[in-house]
Amino acid sequence: MARAIASNALTVFVVLMLAVAGILAWGRSEYAGEGPLEEAICVVVPSGASLSRVSEDLLAQGAIDNAMVFRLGAEYSNRASQLKAGSFVVEPGASVDQILGAITSSGRSTCGTEINYRIGVATANMLVRELDPASQTYVELASFVPGVDPEPEGLSAILENPSTRYRVTLAEGVTSWQVVEELKQAPFLSGEIAEVPAEGALAPDSYELSRGSDRATLLTEMTERQAAILSDLWAARAPGLPLETPLEALTLASIVEKETGVADERPLVASVFVNRLEEGMRLQTDPTVIYGLTEGKAPLGRGLRQSELRRATPYNTYVITGLPPTPIANPGRESIAAALNPAGSDYLFFVADGTGGHAFAETLAEHNRNVQRWREIEAQRANQ
């Protein structure tokens, strides 16, 4: 009798063990195996959302087969409390493990509607676009200049949508005054700006933020990012440069930024100004004259007059020797790098060559020939 009971107990135990093993194998398959999703979707995780809510949303969208397995997988992998608010692409066939990775890792949204407020040298533009998760391409919904163009239909609803992402992008060469004035027009930002940051102190870059972000806090982030860039590049500068301080490097970089929009030319343009500083020559660069006239508060909108080239201002490098007292814009990283590691050249002059770039010269005679060619190009264009 006892032997039969023991035998039956052993049988039950084996069956239970096999069942547990089967359940565990099934759970592992559900957790790490290919998911049911047939095409990419955009999953929205609202701020403060619970794991239960997210799992039910994923189930409704067809991304998972079992909400409980999803929650248990989150607990098992210690990610149940690491949900990040945002909008995230979930790829076709994504496993529970991969979905959890998407919604708990960086917190950087990868899909959904995005508002990008782009502050350029001439104007600011607000671009509203949506990422199609299936094609991974952006679809433009609206583009307008805040405070000038009418507000696009439906913008209020987009602003109110908690899943909308926001970004502010600064172009290289914008002035600090321009940045402050344009940030005041951004309808998704809040707070006052007490003062305009020092010229050159803001890093041209793209900044992801949330609705209601404080303007002054954003400016602080821009300033800290530029300071870090300048510090790193100053530490790696070429030896023997005629630049005594990081501020002088930033000033030279801002001139390089305003003189050329051709990335490959920046080190050459920088070399011209470095060579002139070493020779004790005046820099004679038009953007500094313009800054002395406008104080960076608006584009000049016309050519410089001869009287303006002769007018004495602290920024007129046709009149002063050496660098102006401050930067004339906010230079990007590449222009700062060019100023601190210029190309090796003997060039002292450059002028536009009609292609968007410049013709460089070592002697005044050669430069004058380049200037004559440029004037001929201008005359031809005027007659077309």
# chains A, B, ... in the order shown; residues from 1 in each chain; ligands from 1
>>> residues_around(residues="stretch 77-80 of chain A", least_positions_apart="3", cutoff="8 Å", atoms="only C-alpha atoms", output="tab-separated table (two decimals) with C-alpha atoms, in the first residue's frame")
chain	number	residue	atom	x	y	z
A	51	LEU	CA	2.26	48.99	-16.52
A	71	ARG	CA	3.59	42.36	-17.06
A	73	GLY	CA	8.17	39.79	-18.15
A	74	ALA	CA	8.54	43.39	-17.02
A	83	LEU	CA	8.45	53.09	-18.08
A	100	LEU	CA	10.02	46.50	-23.06
A	104	THR	CA	11.97	51.66	-20.84
>>> residues_around(residues="stretch 248-264 of chain A", least_positions_apart="4", cutoff="10 Å", atoms="only C-alpha atoms", output="PyMOL selection string")
chain A and resi 121+172-175+199-201+226+230+233-234+237+241-244+268-274+283+285-288+323-340+351-352+356-358
>>> select_by_dssp(residues="stretch 40-274 of chain A", states="alpha helix (DSSP H)", output="JSON, numbers by chain")
{"A": [51, 52, 53, 54, 55, 56, 57, 58, 59, 60, 67, 68, 69, 70, 71, 72, 73, 74, 75, 76, 96, 97, 98, 99, 100, 101, 102, 103, 104, 155, 156, 157, 158, 159, 160, 176, 177, 178, 179, 180, 181, 182, 183, 215, 216, 217, 218, 219, 220, 221, 222, 223, 224, 225, 226, 227, 228, 229, 230, 231, 232, 233, 234, 235, 246, 247, 248, 249, 250, 251, 252, 253, 254, 255, 256, 257, 258, 259, 266, 267, 268, 269, 270, 271, 272, 273, 274]}
>>> closest_residue(among="A:Pro187, A:Pro162, A:Pro197, A:Gly147", to="A:Ala216", atoms="only C-alpha atoms")
A:Pro197
>>> residues_around(residues="A:Ser210", least_positions_apart="4", cutoff="12 Å", atoms="only C-alpha atoms", output="list in words")
Ser47, Ala85, Gly86, Arg108, Ser109, Glu114, Ile115, Asn116, Leu159, Glu160, Asn161, Pro162, Ser163, Thr164, Arg165, Tyr166, Arg167, Val168, Pro187, Phe188, Leu189, Ser190, Asp214, Arg215 and Leu218 of chain A
>>> closest_atom_pairs(of="stretch 119-234 of chain A", to="stretch 296-313 of chain A", cutoff="7 Å", atoms="only C-alpha atoms", output="CSV")
residue,atom,partner,partner_atom,distance
A:Ala122,CA,A:Pro299,CA,6.5
A:Thr175,CA,A:Gly296,CA,5.7
A:Trp177,CA,A:Lys297,CA,5.9
A:Gln178,CA,A:Lys297,CA,6.3
>>> residues_around(residues="A:Thr363", least_positions_apart="2", cutoff="9 Å", atoms="only C-alpha atoms", output="PDB file with C-alpha atoms, in the first residue's frame")
ATOM      1  CA  TYR A 347      46.485  82.507 -47.802  1.00  0.00           C
ATOM      2  CA  LEU A 348      45.772  86.092 -46.791  1.00  0.00           C
ATOM      3  CA  PHE A 349      42.731  86.832 -48.968  1.00  0.00           C
ATOM      4  CA  ALA A 361      44.940  83.985 -52.670  1.00  0.00           C
ATOM      5  CA  ALA A 365      47.649  90.849 -57.036  1.00  0.00           C
ATOM      6  CA  GLU A 366      46.197  87.358 -57.194  1.00  0.00           C
ATOM      7  CA  HIS A 367      43.328  88.434 -54.961  1.00  0.00           C
ATOM      8  CA  ASN A 368      42.540  91.399 -57.205  1.00  0.00           C
TER       9      ASN A 368
END
>>> residues_around(residues="A:Gly112", least_positions_apart="4", cutoff="12 Å", atoms="only C-alpha atoms", output="PyMOL selection string")
chain A and resi 41-45+86-90+108+128-134+136-141+158+161-166
>>> write_last_selection(atoms="C-alpha atoms", output="mmCIF file, in the first residue's frame")
data_model
loop_
_atom_site.group_PDB
_atom_site.id
_atom_site.type_symbol
_atom_site.label_atom_id
_atom_site.label_comp_id
_atom_site.auth_asym_id
_atom_site.auth_seq_id
_atom_site.Cartn_x
_atom_site.Cartn_y
_atom_site.Cartn_z
ATOM 1 C CA ILE A 41 3.157 50.787 -34.954
ATOM 2 C CA CYS A 42 3.636 53.847 -32.777
ATOM 3 C CA VAL A 43 3.047 53.097 -29.107
ATOM 4 C CA VAL A 44 2.222 56.040 -26.851
ATOM 5 C CA VAL A 45 3.156 55.828 -23.167
ATOM 6 C CA GLY A 86 6.787 59.178 -24.971
ATOM 7 C CA SER A 87 5.980 57.718 -28.373
ATOM 8 C CA PHE A 88 7.952 54.674 -29.475
ATOM 9 C CA VAL A 89 8.185 52.635 -32.659
ATOM 10 C CA VAL A 90 7.508 48.919 -32.202
ATOM 11 C CA ARG A 108 13.641 59.414 -26.386
ATOM 12 C CA VAL A 128 4.825 70.185 -37.623
ATOM 13 C CA ARG A 129 5.414 66.669 -38.900
ATOM 14 C CA GLU A 130 4.492 63.084 -38.130
ATOM 15 C CA LEU A 131 6.611 59.975 -38.409
ATOM 16 C CA ASP A 132 4.935 57.099 -40.210
ATOM 17 C CA PRO A 133 6.163 54.069 -38.226
ATOM 18 C CA ALA A 134 5.711 51.675 -41.149
ATOM 19 C CA GLN A 136 9.981 55.475 -41.104
ATOM 20 C CA THR A 137 9.484 58.699 -43.081
ATOM 21 C CA TYR A 138 8.183 62.051 -41.870
ATOM 22 C CA VAL A 139 4.989 63.527 -43.267
ATOM 23 C CA GLU A 140 4.791 67.321 -43.048
ATOM 24 C CA LEU A 141 1.535 68.513 -41.531
ATOM 25 C CA ILE A 158 -1.685 68.927 -31.541
ATOM 26 C CA ASN A 161 -2.006 66.066 -27.283
ATOM 27 C CA PRO A 162 0.241 64.688 -24.509
ATOM 28 C CA SER A 163 2.104 62.469 -26.991
ATOM 29 C CA THR A 164 3.320 65.394 -29.133
ATOM 30 C CA ARG A 165 7.091 65.804 -29.074
ATOM 31 C CA TYR A 166 8.835 69.184 -29.106
#
>>> closest_residue(among="A:Ser156, A:Phe70, A:Arg373, A:Phe144", to="A:Asp57", atoms="only C-alpha atoms")
A:Phe70
